[in-house]
Each structure stands twice: as structure tokens, then as C-alpha cells.
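Listing of protein_16.cif; format and content: mmCIF, C-alpha atoms; chains and numbers go by the auth columns.
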data_upload
loop_
_atom_site.group_PDB
_atom_site.id
_atom_site.type_symbol
_atom_site.label_atom_id
_atom_site.label_comp_id
_atom_site.label_asym_id
_atom_site.label_seq_id
_atom_site.Cartn_x
_atom_site.Cartn_y
_atom_site.Cartn_z
_atom_site.B_iso_or_equiv
_atom_site.auth_seq_id
_atom_site.auth_asym_id
ATOM 1 C CA MET A 1 153.059 -74.772 -15.044 0.00 86 G
ATOM 2 C CA GLN A 2 155.331 -72.390 -13.178 0.00 87 G
ATOM 3 C CA PHE A 3 154.530 -71.968 -9.492 0.00 88 G
ATOM 4 C CA GLN A 4 155.235 -68.394 -8.441 0.00 89 G
ATOM 5 C CA ARG A 5 153.061 -68.105 -5.317 0.00 90 G
ATOM 6 C CA ILE A 6 152.972 -71.047 -2.933 0.00 91 G
ATOM 7 C CA LEU A 7 150.565 -71.022 0.000 0.00 92 G
ATOM 8 C CA ILE A 8 151.625 -73.272 2.867 0.00 93 G
ATOM 9 C CA ALA A 9 148.817 -74.125 5.290 0.00 94 G
ATOM 10 C CA ILE A 10 149.947 -75.036 8.799 0.00 95 G
ATOM 11 C CA ASP A 11 148.778 -75.696 12.302 0.00 96 G
ATOM 12 C CA ASN A 12 150.968 -76.772 15.196 0.00 97 G
ATOM 13 C CA SER A 13 151.092 -80.465 14.253 0.00 98 G
ATOM 14 C CA PRO A 14 154.076 -82.504 13.090 0.00 99 G
ATOM 15 C CA HIS A 15 152.094 -83.235 9.913 0.00 100 G
ATOM 16 C CA SER A 16 151.866 -79.582 8.933 0.00 101 G
ATOM 17 C CA MET A 17 155.474 -78.833 9.895 0.00 102 G
ATOM 18 C CA ASN A 18 156.645 -81.679 7.660 0.00 103 G
ATOM 19 C CA ALA A 19 154.515 -80.318 4.810 0.00 104 G
ATOM 20 C CA ALA A 20 155.802 -76.786 5.462 0.00 105 G
ATOM 21 C CA LYS A 21 159.376 -78.035 5.124 0.00 106 G
ATOM 22 C CA LYS A 22 158.561 -79.509 1.709 0.00 107 G
ATOM 23 C CA GLY A 23 156.720 -76.326 0.714 0.00 108 G
ATOM 24 C CA PHE A 24 159.651 -74.108 1.693 0.00 109 G
ATOM 25 C CA GLU A 25 162.096 -76.343 -0.171 0.00 110 G
ATOM 26 C CA LEU A 26 159.922 -76.239 -3.285 0.00 111 G
ATOM 27 C CA ALA A 27 159.486 -72.469 -3.075 0.00 112 G
ATOM 28 C CA GLN A 28 163.248 -71.980 -2.711 0.00 113 G
ATOM 29 C CA ALA A 29 163.954 -74.251 -5.684 0.00 114 G
ATOM 30 C CA LEU A 30 161.434 -72.366 -7.834 0.00 115 G
ATOM 31 C CA ASN A 31 162.231 -68.925 -6.424 0.00 116 G
ATOM 32 C CA ALA A 32 158.531 -68.589 -5.616 0.00 117 G
ATOM 33 C CA SER A 33 156.816 -66.259 -3.169 0.00 118 G
ATOM 34 C CA ILE A 34 155.642 -67.922 0.031 0.00 119 G
ATOM 35 C CA GLY A 35 152.447 -67.389 1.947 0.00 120 G
ATOM 36 C CA VAL A 36 151.930 -69.127 5.281 0.00 121 G
ATOM 37 C CA ALA A 37 148.375 -69.594 6.566 0.00 122 G
ATOM 38 C CA TYR A 38 147.568 -70.541 10.145 0.00 123 G
ATOM 39 C CA ILE A 39 143.839 -70.751 10.733 0.00 124 G
ATOM 40 C CA ILE A 40 142.485 -70.677 14.272 0.00 125 G
ATOM 41 C CA ASP A 41 139.833 -73.385 14.163 0.00 126 G
ATOM 42 C CA ILE A 42 136.688 -71.968 15.779 0.00 127 G
ATOM 43 C CA MET A 43 135.409 -75.509 16.312 0.00 128 G
ATOM 44 C CA LYS A 44 138.291 -76.178 18.707 0.00 129 G
ATOM 45 C CA GLU A 45 138.092 -72.934 20.675 0.00 130 G
ATOM 46 C CA PRO A 46 135.762 -72.323 23.625 0.00 131 G
ATOM 47 C CA VAL A 47 132.974 -69.887 22.780 0.00 132 G
ATOM 48 C CA ILE A 48 130.801 -67.587 24.852 0.00 133 G
ATOM 49 C CA PRO A 49 127.409 -69.365 24.911 0.00 134 G
ATOM 50 C CA GLU A 50 125.387 -66.155 24.680 0.00 135 G
ATOM 51 C CA THR A 51 127.152 -64.869 21.584 0.00 136 G
ATOM 52 C CA GLY A 52 128.592 -68.003 19.996 0.00 137 G
ATOM 53 C CA ARG A 53 131.878 -66.126 19.563 0.00 138 G
ATOM 54 C CA ILE A 54 135.362 -66.706 20.917 0.00 139 G
ATOM 55 C CA SER A 55 136.246 -64.457 23.847 0.00 140 G
ATOM 56 C CA GLU A 56 138.690 -61.675 23.128 0.00 141 G
ATOM 57 C CA SER A 57 141.285 -63.074 25.535 0.00 142 G
ATOM 58 C CA THR A 58 141.062 -66.540 23.932 0.00 143 G
ATOM 59 C CA GLN A 59 141.247 -64.943 20.506 0.00 144 G
ATOM 60 C CA ASN A 60 144.370 -62.985 21.495 0.00 145 G
ATOM 61 C CA LYS A 61 146.025 -66.110 22.965 0.00 146 G
ATOM 62 C CA SER A 62 145.230 -68.105 19.833 0.00 147 G
ATOM 63 C CA LEU A 63 146.564 -65.371 17.571 0.00 148 G
ATOM 64 C CA THR A 64 149.745 -65.109 19.649 0.00 149 G
ATOM 65 C CA LYS A 65 150.194 -68.892 19.396 0.00 150 G
ATOM 66 C CA ALA A 66 149.641 -68.785 15.625 0.00 151 G
ATOM 67 C CA ASN A 67 152.274 -66.082 15.198 0.00 152 G
ATOM 68 C CA ARG A 68 154.748 -67.961 17.405 0.00 153 G
ATOM 69 C CA VAL A 69 154.322 -71.095 15.297 0.00 154 G
ATOM 70 C CA ILE A 70 154.879 -69.077 12.117 0.00 155 G
ATOM 71 C CA ASP A 71 157.895 -67.293 13.652 0.00 156 G
ATOM 72 C CA LYS A 72 159.458 -70.620 14.647 0.00 157 G
ATOM 73 C CA LEU A 73 158.873 -72.031 11.182 0.00 158 G
ATOM 74 C CA VAL A 74 160.241 -68.990 9.354 0.00 159 G
ATOM 75 C CA LYS A 75 163.330 -68.883 11.587 0.00 160 G
ATOM 76 C CA GLY A 76 164.371 -72.212 10.085 0.00 161 G
ATOM 77 C CA TYR A 77 164.463 -70.671 6.588 0.00 162 G
ATOM 78 C CA PRO A 78 166.382 -67.387 6.851 0.00 163 G
ATOM 79 C CA ASP A 79 167.146 -67.230 3.117 0.00 164 G
ATOM 80 C CA VAL A 80 163.602 -67.336 1.741 0.00 165 G
ATOM 81 C CA GLY A 81 163.014 -63.600 1.764 0.00 166 G
ATOM 82 C CA GLU A 82 159.680 -62.018 2.484 0.00 167 G
ATOM 83 C CA ILE A 83 156.866 -64.274 3.641 0.00 168 G
ATOM 84 C CA THR A 84 153.234 -63.245 3.554 0.00 169 G
ATOM 85 C CA ARG A 85 151.433 -64.281 6.740 0.00 170 G
ATOM 86 C CA PHE A 86 147.775 -65.151 7.009 0.00 171 G
ATOM 87 C CA THR A 87 146.238 -65.677 10.428 0.00 172 G
ATOM 88 C CA SER A 88 142.509 -65.776 10.803 0.00 173 G
ATOM 89 C CA GLU A 89 139.841 -67.652 12.660 0.00 174 G
ATOM 90 C CA GLY A 90 137.194 -69.770 11.066 0.00 175 G
ATOM 91 C CA PHE A 91 136.854 -73.173 9.475 0.00 176 G
ATOM 92 C CA PRO A 92 140.371 -74.055 8.258 0.00 177 G
ATOM 93 C CA LYS A 93 139.246 -75.869 5.132 0.00 178 G
ATOM 94 C CA LYS A 94 137.177 -72.920 3.923 0.00 179 G
ATOM 95 C CA GLU A 95 139.687 -70.277 5.000 0.00 180 G
ATOM 96 C CA ILE A 96 142.566 -71.992 3.185 0.00 181 G
ATOM 97 C CA VAL A 97 140.618 -72.076 -0.090 0.00 182 G
ATOM 98 C CA MET A 98 139.574 -68.434 0.321 0.00 183 G
ATOM 99 C CA ILE A 99 143.090 -67.226 1.168 0.00 184 G
ATOM 100 C CA ALA A 100 144.541 -69.094 -1.819 0.00 185 G
ATOM 101 C CA LYS A 101 142.007 -67.437 -4.094 0.00 186 G
ATOM 102 C CA ASP A 102 142.420 -63.936 -2.646 0.00 187 G
ATOM 103 C CA TRP A 103 146.232 -64.130 -2.601 0.00 188 G
ATOM 104 C CA GLU A 104 146.222 -65.669 -6.093 0.00 189 G
ATOM 105 C CA ALA A 105 148.292 -68.682 -5.065 0.00 190 G
ATOM 106 C CA ASP A 106 149.479 -71.060 -7.787 0.00 191 G
ATOM 107 C CA LEU A 107 149.827 -74.006 -5.399 0.00 192 G
ATOM 108 C CA ILE A 108 148.677 -74.968 -1.914 0.00 193 G
ATOM 109 C CA VAL A 109 150.935 -77.160 0.220 0.00 194 G
ATOM 110 C CA MET A 110 149.523 -78.839 3.299 0.00 195 G
ATOM 111 C CA GLY A 111 149.875 -81.913 5.453 0.00 196 G
ATOM 112 C CA THR A 112 147.355 -84.547 6.301 0.00 197 G
ATOM 113 C CA HIS A 113 146.600 -86.192 9.608 0.00 198 G
ATOM 114 C CA GLY A 114 145.744 -89.414 7.807 0.00 199 G
ATOM 115 C CA ARG A 115 142.564 -90.017 9.778 0.00 200 G
ATOM 116 C CA THR A 116 140.405 -92.944 8.786 0.00 201 G
ATOM 117 C CA GLY A 117 137.227 -94.577 9.957 0.00 202 G
ATOM 118 C CA LEU A 118 134.988 -92.904 12.511 0.00 203 G
ATOM 119 C CA SER A 119 137.316 -89.989 13.286 0.00 204 G
ATOM 120 C CA TYR A 120 137.409 -89.159 9.569 0.00 205 G
ATOM 121 C CA LEU A 121 133.612 -89.300 9.320 0.00 206 G
ATOM 122 C CA ILE A 122 133.143 -87.084 12.378 0.00 207 G
ATOM 123 C CA LEU A 123 135.963 -84.608 11.802 0.00 208 G
ATOM 124 C CA GLY A 124 136.073 -84.667 8.030 0.00 209 G
ATOM 125 C CA SER A 125 139.224 -84.002 6.112 0.00 210 G
ATOM 126 C CA VAL A 126 140.575 -80.504 5.644 0.00 211 G
ATOM 127 C CA SER A 127 142.914 -81.652 2.896 0.00 212 G
ATOM 128 C CA GLU A 128 140.143 -83.477 1.030 0.00 213 G
ATOM 129 C CA TYR A 129 137.917 -80.392 1.151 0.00 214 G
ATOM 130 C CA VAL A 130 140.731 -78.153 -0.074 0.00 215 G
ATOM 131 C CA ILE A 131 141.525 -80.545 -2.929 0.00 216 G
ATOM 132 C CA LYS A 132 137.877 -80.598 -4.017 0.00 217 G
ATOM 133 C CA HIS A 133 137.261 -76.856 -3.734 0.00 218 G
ATOM 134 C CA SER A 134 140.564 -75.260 -4.713 0.00 219 G
ATOM 135 C CA ALA A 135 140.994 -73.684 -8.126 0.00 220 G
ATOM 136 C CA VAL A 136 144.738 -74.431 -7.983 0.00 221 G
ATOM 137 C CA PRO A 137 146.751 -77.627 -7.479 0.00 222 G
ATOM 138 C CA VAL A 138 147.137 -78.905 -3.933 0.00 223 G
ATOM 139 C CA MET A 139 150.189 -80.791 -2.743 0.00 224 G
ATOM 140 C CA VAL A 140 149.318 -82.953 0.265 0.00 225 G
ATOM 141 C CA VAL A 141 152.358 -84.198 2.141 0.00 226 G
ATOM 142 C CA PRO A 142 151.973 -87.236 4.399 0.00 227 G
ATOM 143 C CA LEU A 143 153.961 -87.543 7.619 0.00 228 G
ATOM 144 C CA LYS A 144 156.738 -90.029 6.834 0.00 229 G
#
What does the file become when written as C-alpha cells?
Amino acid sequence: MQFQRILIAIDNSPHSMNAAKKGFELAQALNASIGVAYIIDIMKEPVIPETGRISESTQNKSLTKANRVIDKLVKGYPDVGEITRFTSEGFPKKEIVMIAKDWEADLIVMGTHGRTGLSYLILGSVSEYVIKHSAVPVMVVPLK
């Protein structure tokens, strides 16, 4: 299988930055197009109780942070050419699968936090969900 469109899912963690590095290296080696997805997790953002939505100022701050993280990442790979950016808010695990489908990615690259036990049961695993629900292969890169 030839990977021509690689979607790299990131947040601001060392785990995702390590995975992004591997994803960029793979994309360069294969001369593949790169998409970078940063999903603003609505479960981690304060919401307005009356509406259940994130305030506009919080949304703008989160979007600015997402773009800064992507800018910093991309700056480290000046030779990769054009990168398609995806920033949205929602449930990261569902958004990543949807973006991969809509963008017609051939491969998803992402990190894992390696949670176990109670924190895994409470928080779930984004990478596990993506693996189970993605129509394309998923490369999960541990932090090592």
C-alpha cells in the first residue's frame, strides 16, 4: 500500500509531538501529502452553563493556541511543502476519524498517552477509538 495522504493528529503533549515527528519523517520519505489535525477537546474547555457551549473568547483562545502549536511544529520541517491544517472543536477521537475520512487520508499517525487502570476507564483512549473506527491504517507512536 502506498501512503499518499498522511493525517497527523496532535495536541500540545510530548506524546503527540513525538508522533508528529515520526509522521513528518514518514511523509517526507514517501513524498506524501501531510494533514495536521488539532482538535480542541470540548470536554476540557469551560462551557457556558445555560447554553452548554464554549464561550467565544475561550474558543478564540483555544483556536489561537492550536494554530501556534501547528506553526511551531511546521517550522521544524521547512522542506515538507504544503500542509493541510485541520482545527476544530469536538471530541478528538470522533473528529480525527471524520477528518481522515473527509480528507481521504491513507494513514493516521498519532501518539498515545499510555494511560492504564482507572484513568483509562474514566478518560477512555483516543487512539484505541481511532484504531477501531478508522477505515484506514493507524500508526500509534509511543513516547520513548
Check: Got a sec to resolve the PyMOL selection byres ((chain G and resi 177-194) around 10) on this structure and send the residues as number ranges by chain?
Finding: G: 86-96, 101, 104-109, 111, 117-128, 169, 171-176, 195-196, 209-226
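Taking only C-alpha atoms into account, G:Glu167 lies nearest to G:Ala112 out of the set G:Leu148, G:Leu228, G:Asn97, G:Ala112.
A straight line drawn from atom CA of G:Ala151 to atom CA of G:Met102 is 13.0 Å long.
Distances to G:Asp156 were evaluated for G:Asn103, G:Pro131, G:Arg170, G:Gln144 using only C-alpha atoms, and the minimum falls at G:Arg170.
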Would you save stretch 138-158 of chain G from the block above with N, CA and C atoms, as a PDB file, in the first residue's frame?
ATOM      1  N   ARG G 138     -22.262  25.537  25.605  1.00  0.00           N
ATOM      2  CA  ARG G 138     -21.271  25.802  24.554  1.00  0.00           C
ATOM      3  C   ARG G 138     -20.075  26.543  25.143  1.00  0.00           C
ATOM      4  N   ILE G 139     -18.971  26.468  24.441  1.00  0.00           N
ATOM      5  CA  ILE G 139     -17.763  27.190  24.832  1.00  0.00           C
ATOM      6  C   ILE G 139     -17.955  28.664  24.489  1.00  0.00           C
ATOM      7  N   SER G 140     -17.521  29.547  25.396  1.00  0.00           N
ATOM      8  CA  SER G 140     -17.647  30.975  25.114  1.00  0.00           C
ATOM      9  C   SER G 140     -16.794  31.341  23.918  1.00  0.00           C
ATOM     10  N   GLU G 141     -17.180  32.415  23.255  1.00  0.00           N
ATOM     11  CA  GLU G 141     -16.449  32.833  22.057  1.00  0.00           C
ATOM     12  C   GLU G 141     -15.008  33.203  22.375  1.00  0.00           C
ATOM     13  N   SER G 142     -14.781  33.860  23.518  1.00  0.00           N
ATOM     14  CA  SER G 142     -13.413  34.243  23.868  1.00  0.00           C
ATOM     15  C   SER G 142     -12.561  33.006  24.160  1.00  0.00           C
ATOM     16  N   THR G 143     -13.129  32.020  24.843  1.00  0.00           N
ATOM     17  CA  THR G 143     -12.403  30.767  25.107  1.00  0.00           C
ATOM     18  C   THR G 143     -12.138  30.045  23.802  1.00  0.00           C
ATOM     19  N   GLN G 144     -13.126  30.041  22.930  1.00  0.00           N
ATOM     20  CA  GLN G 144     -12.982  29.385  21.632  1.00  0.00           C
ATOM     21  C   GLN G 144     -11.855  30.042  20.829  1.00  0.00           C
ATOM     22  N   ASN G 145     -11.822  31.367  20.825  1.00  0.00           N
ATOM     23  CA  ASN G 145     -10.770  32.089  20.096  1.00  0.00           C
ATOM     24  C   ASN G 145      -9.391  31.807  20.686  1.00  0.00           C
ATOM     25  N   LYS G 146      -9.286  31.779  22.026  1.00  0.00           N
ATOM     26  CA  LYS G 146      -8.006  31.479  22.676  1.00  0.00           C
ATOM     27  C   LYS G 146      -7.554  30.061  22.333  1.00  0.00           C
ATOM     28  N   SER G 147      -8.482  29.130  22.363  1.00  0.00           N
ATOM     29  CA  SER G 147      -8.144  27.734  22.060  1.00  0.00           C
ATOM     30  C   SER G 147      -7.705  27.578  20.612  1.00  0.00           C
ATOM     31  N   LEU G 148      -8.384  28.261  19.714  1.00  0.00           N
ATOM     32  CA  LEU G 148      -8.028  28.196  18.298  1.00  0.00           C
ATOM     33  C   LEU G 148      -6.657  28.825  18.052  1.00  0.00           C
ATOM     34  N   THR G 149      -6.388  29.939  18.727  1.00  0.00           N
ATOM     35  CA  THR G 149      -5.082  30.589  18.614  1.00  0.00           C
ATOM     36  C   THR G 149      -3.989  29.653  19.112  1.00  0.00           C
ATOM     37  N   LYS G 150      -4.234  28.985  20.249  1.00  0.00           N
ATOM     38  CA  LYS G 150      -3.269  28.032  20.795  1.00  0.00           C
ATOM     39  C   LYS G 150      -3.045  26.882  19.811  1.00  0.00           C
ATOM     40  N   ALA G 151      -4.107  26.361  19.243  1.00  0.00           N
ATOM     41  CA  ALA G 151      -3.994  25.257  18.283  1.00  0.00           C
ATOM     42  C   ALA G 151      -3.125  25.666  17.102  1.00  0.00           C
ATOM     43  N   ASN G 152      -3.363  26.841  16.568  1.00  0.00           N
ATOM     44  CA  ASN G 152      -2.578  27.316  15.423  1.00  0.00           C
ATOM     45  C   ASN G 152      -1.119  27.573  15.789  1.00  0.00           C
ATOM     46  N   ARG G 153      -0.872  28.045  17.009  1.00  0.00           N
ATOM     47  CA  ARG G 153       0.515  28.240  17.448  1.00  0.00           C
ATOM     48  C   ARG G 153       1.250  26.909  17.536  1.00  0.00           C
ATOM     49  N   VAL G 154       0.574  25.897  18.067  1.00  0.00           N
ATOM     50  CA  VAL G 154       1.190  24.571  18.179  1.00  0.00           C
ATOM     51  C   VAL G 154       1.510  24.035  16.784  1.00  0.00           C
ATOM     52  N   ILE G 155       0.573  24.187  15.864  1.00  0.00           N
ATOM     53  CA  ILE G 155       0.810  23.726  14.487  1.00  0.00           C
ATOM     54  C   ILE G 155       1.943  24.526  13.849  1.00  0.00           C
ATOM     55  N   ASP G 156       1.940  25.844  14.030  1.00  0.00           N
ATOM     56  CA  ASP G 156       3.012  26.686  13.475  1.00  0.00           C
ATOM     57  C   ASP G 156       4.379  26.250  13.985  1.00  0.00           C
ATOM     58  N   LYS G 157       4.479  26.005  15.291  1.00  0.00           N
ATOM     59  CA  LYS G 157       5.745  25.581  15.886  1.00  0.00           C
ATOM     60  C   LYS G 157       6.188  24.246  15.310  1.00  0.00           C
ATOM     61  N   LEU G 158       5.254  23.339  15.152  1.00  0.00           N
ATOM     62  CA  LEU G 158       5.569  22.026  14.593  1.00  0.00           C
ATOM     63  C   LEU G 158       6.050  22.147  13.154  1.00  0.00           C
TER      64      LEU G 158
END
